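Below is one structure, written out as structure tokens; the observations come after it.
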Amino acid sequence: SANVLPGDSGGPLVNSKGKVIGINTAGSSSGFYGYDRNGSATAQSYAIPIDTALAIAQSIENGQSSLTVHVGKTAYLGIEVVPTGSTSPSEFGPGAPSTAPTAATGIVIAGLVAKSPAGSSALKVGDTITSIDGQSVSTVAALSQYEMKLKVGDKVTIGYSTSSGAGASVTLRLAAGPPQ
């Protein structure tokens, strides 16, 4: 029932005694700045409980990453991907194949960043990533989760199918990517 207004995200949520009990994260309202024409609050608000927020802060201070907290440089492959079957060849970037990838189940490479580990490898736009370090990868989310466990400088082996359907693999050393 707290009156969280637009712009309060990231700020403290306090109880009636002024004690911080959470960190505001999101709110929605149907009126002007969370109030209707009669001055009644119409906002629906969300906050992270203070115990959870303090545990997250402690993890960051200790340099400990998790699935929800990223600390340090980001490991970077340099690929743009889409699930198989979700695009047509015209949606791919330069160097796209003339026909849509069909053979493999996995994640289609829609773009490669120049001078990145993937961009400097044998991988091509239209290839389909099928595994990373021997583990099957069939969704963009699965690839992202696996990448979050990796560190800059780690080597990974990417299993893939070319746009013609041939199977191949390439080993890449991860670079430092943009901050997340």
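Each chain of the structure tokens is named A, B, ... in the order shown, its residues numbered from 1; ligands are numbered from 1 in display order.
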Report task. Write out as a PyMOL selection string which residues come within 10 Å of Thr68 of chain A when counting only C-alpha atoms, dropping same-chain ones fewer than 2 positions away. Result -> chain A and resi 56+65-66+70+145+148
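Around Thr157 of chain A, within 8 Å and counting only C-alpha atoms, the residues found are Ile132, Asp133, Gly134, Ser169, Val170, Thr171 and Leu172 of chain A, once anything fewer than 5 positions away on its own chain is removed.
Atom pair atom CA of Ile129 of chain A / atom CA of Gly159 of chain A has a distance of 5.9 Å (rounded to one decimal).
The environment of segment 136-138 of chain A within 7 Å, counting only C-alpha atoms and disregarding residues fewer than 5 places along the same chain, consists of Thr105, Gly106, Ile107, Thr130, Ser131 and Leu143 of chain A.
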Written file, previous selection with all heavy atoms, as a PDB file, in the first residue's frame:
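As written to disk, result.pdb reads:
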ATOM      1  N   THR A 105      18.580 -27.883 -35.158  1.00  0.00           N
ATOM      2  CA  THR A 105      17.839 -27.193 -34.109  1.00  0.00           C
ATOM      3  C   THR A 105      18.865 -26.472 -33.262  1.00  0.00           C
ATOM      4  O   THR A 105      19.845 -27.063 -32.839  1.00  0.00           O
ATOM      5  CB  THR A 105      17.070 -28.211 -33.251  1.00  0.00           C
ATOM      6  OG1 THR A 105      16.147 -28.888 -34.075  1.00  0.00           O
ATOM      7  CG2 THR A 105      16.336 -27.517 -32.128  1.00  0.00           C
ATOM      8  N   GLY A 106      18.638 -25.217 -33.019  1.00  0.00           N
ATOM      9  CA  GLY A 106      19.601 -24.444 -32.250  1.00  0.00           C
ATOM     10  C   GLY A 106      19.319 -22.974 -32.375  1.00  0.00           C
ATOM     11  O   GLY A 106      18.167 -22.554 -32.418  1.00  0.00           O
ATOM     12  N   ILE A 107      20.388 -22.208 -32.466  1.00  0.00           N
ATOM     13  CA  ILE A 107      20.275 -20.760 -32.491  1.00  0.00           C
ATOM     14  C   ILE A 107      20.966 -20.245 -33.742  1.00  0.00           C
ATOM     15  O   ILE A 107      22.160 -20.455 -33.936  1.00  0.00           O
ATOM     16  CB  ILE A 107      20.922 -20.162 -31.234  1.00  0.00           C
ATOM     17  CG1 ILE A 107      20.281 -20.782 -29.986  1.00  0.00           C
ATOM     18  CG2 ILE A 107      20.786 -18.663 -31.215  1.00  0.00           C
ATOM     19  CD1 ILE A 107      21.077 -20.555 -28.745  1.00  0.00           C
ATOM     20  N   THR A 130      24.572 -25.211 -32.277  1.00  0.00           N
ATOM     21  CA  THR A 130      23.861 -26.365 -31.720  1.00  0.00           C
ATOM     22  C   THR A 130      24.377 -26.763 -30.340  1.00  0.00           C
ATOM     23  O   THR A 130      23.668 -27.413 -29.582  1.00  0.00           O
ATOM     24  CB  THR A 130      23.980 -27.573 -32.663  1.00  0.00           C
ATOM     25  OG1 THR A 130      25.369 -27.844 -32.906  1.00  0.00           O
ATOM     26  CG2 THR A 130      23.269 -27.301 -33.985  1.00  0.00           C
ATOM     27  N   SER A 131      25.630 -26.363 -30.008  1.00  0.00           N
ATOM     28  CA  SER A 131      26.167 -26.704 -28.693  1.00  0.00           C
ATOM     29  C   SER A 131      27.259 -25.724 -28.309  1.00  0.00           C
ATOM     30  O   SER A 131      27.840 -25.046 -29.164  1.00  0.00           O
ATOM     31  CB  SER A 131      26.730 -28.130 -28.682  1.00  0.00           C
ATOM     32  OG  SER A 131      27.873 -28.219 -29.512  1.00  0.00           O
ATOM     33  N   LEU A 143      21.683 -20.156 -24.129  1.00  0.00           N
ATOM     34  CA  LEU A 143      23.009 -19.641 -24.495  1.00  0.00           C
ATOM     35  C   LEU A 143      23.404 -18.498 -23.560  1.00  0.00           C
ATOM     36  O   LEU A 143      24.526 -18.464 -23.062  1.00  0.00           O
ATOM     37  CB  LEU A 143      23.028 -19.169 -25.948  1.00  0.00           C
ATOM     38  CG  LEU A 143      24.350 -18.567 -26.431  1.00  0.00           C
ATOM     39  CD1 LEU A 143      25.473 -19.591 -26.373  1.00  0.00           C
ATOM     40  CD2 LEU A 143      24.201 -18.010 -27.835  1.00  0.00           C
TER      41      LEU A 143
END
Query raised in the report: Neighbours of Ala176 of chain A within 9 Å (only C-alpha atoms; same-chain residues fewer than 5 positions away dropped), as an MDAnalysis selection string?
Result: chainID A and resid 73:77 151:153
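Between atom CA of Ile48 of chain A and atom CA of Gly177 of chain A lies a distance of 28.6 Å.
Taking atom CA of Ala26 of chain A as the reference point, atom CA of Ala47 of chain A is found at 6.9 Å.
Here the helix (DSSP H, G or I) residues in segment 54-170 of chain A, by DSSP on the backbone, are Leu54, Ala55, Ile56, Ala57, Gln58, Ser59, Ile60, Glu61, Pro89, Ser90, Glu91, Val140, Ala141, Ala142, Leu143, Ser144, Gln145, Tyr146, Glu147 and Met148 of chain A.
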Report task. Write out as a PyMOL selection string each polymer residue whose atoms come within 12 Å of Val69 of chain A, counting only C-alpha atoms; drop sequence neighbours fewer than 4 positions from it. Result -> chain A and resi 53+55-65+74+145+148-149+180
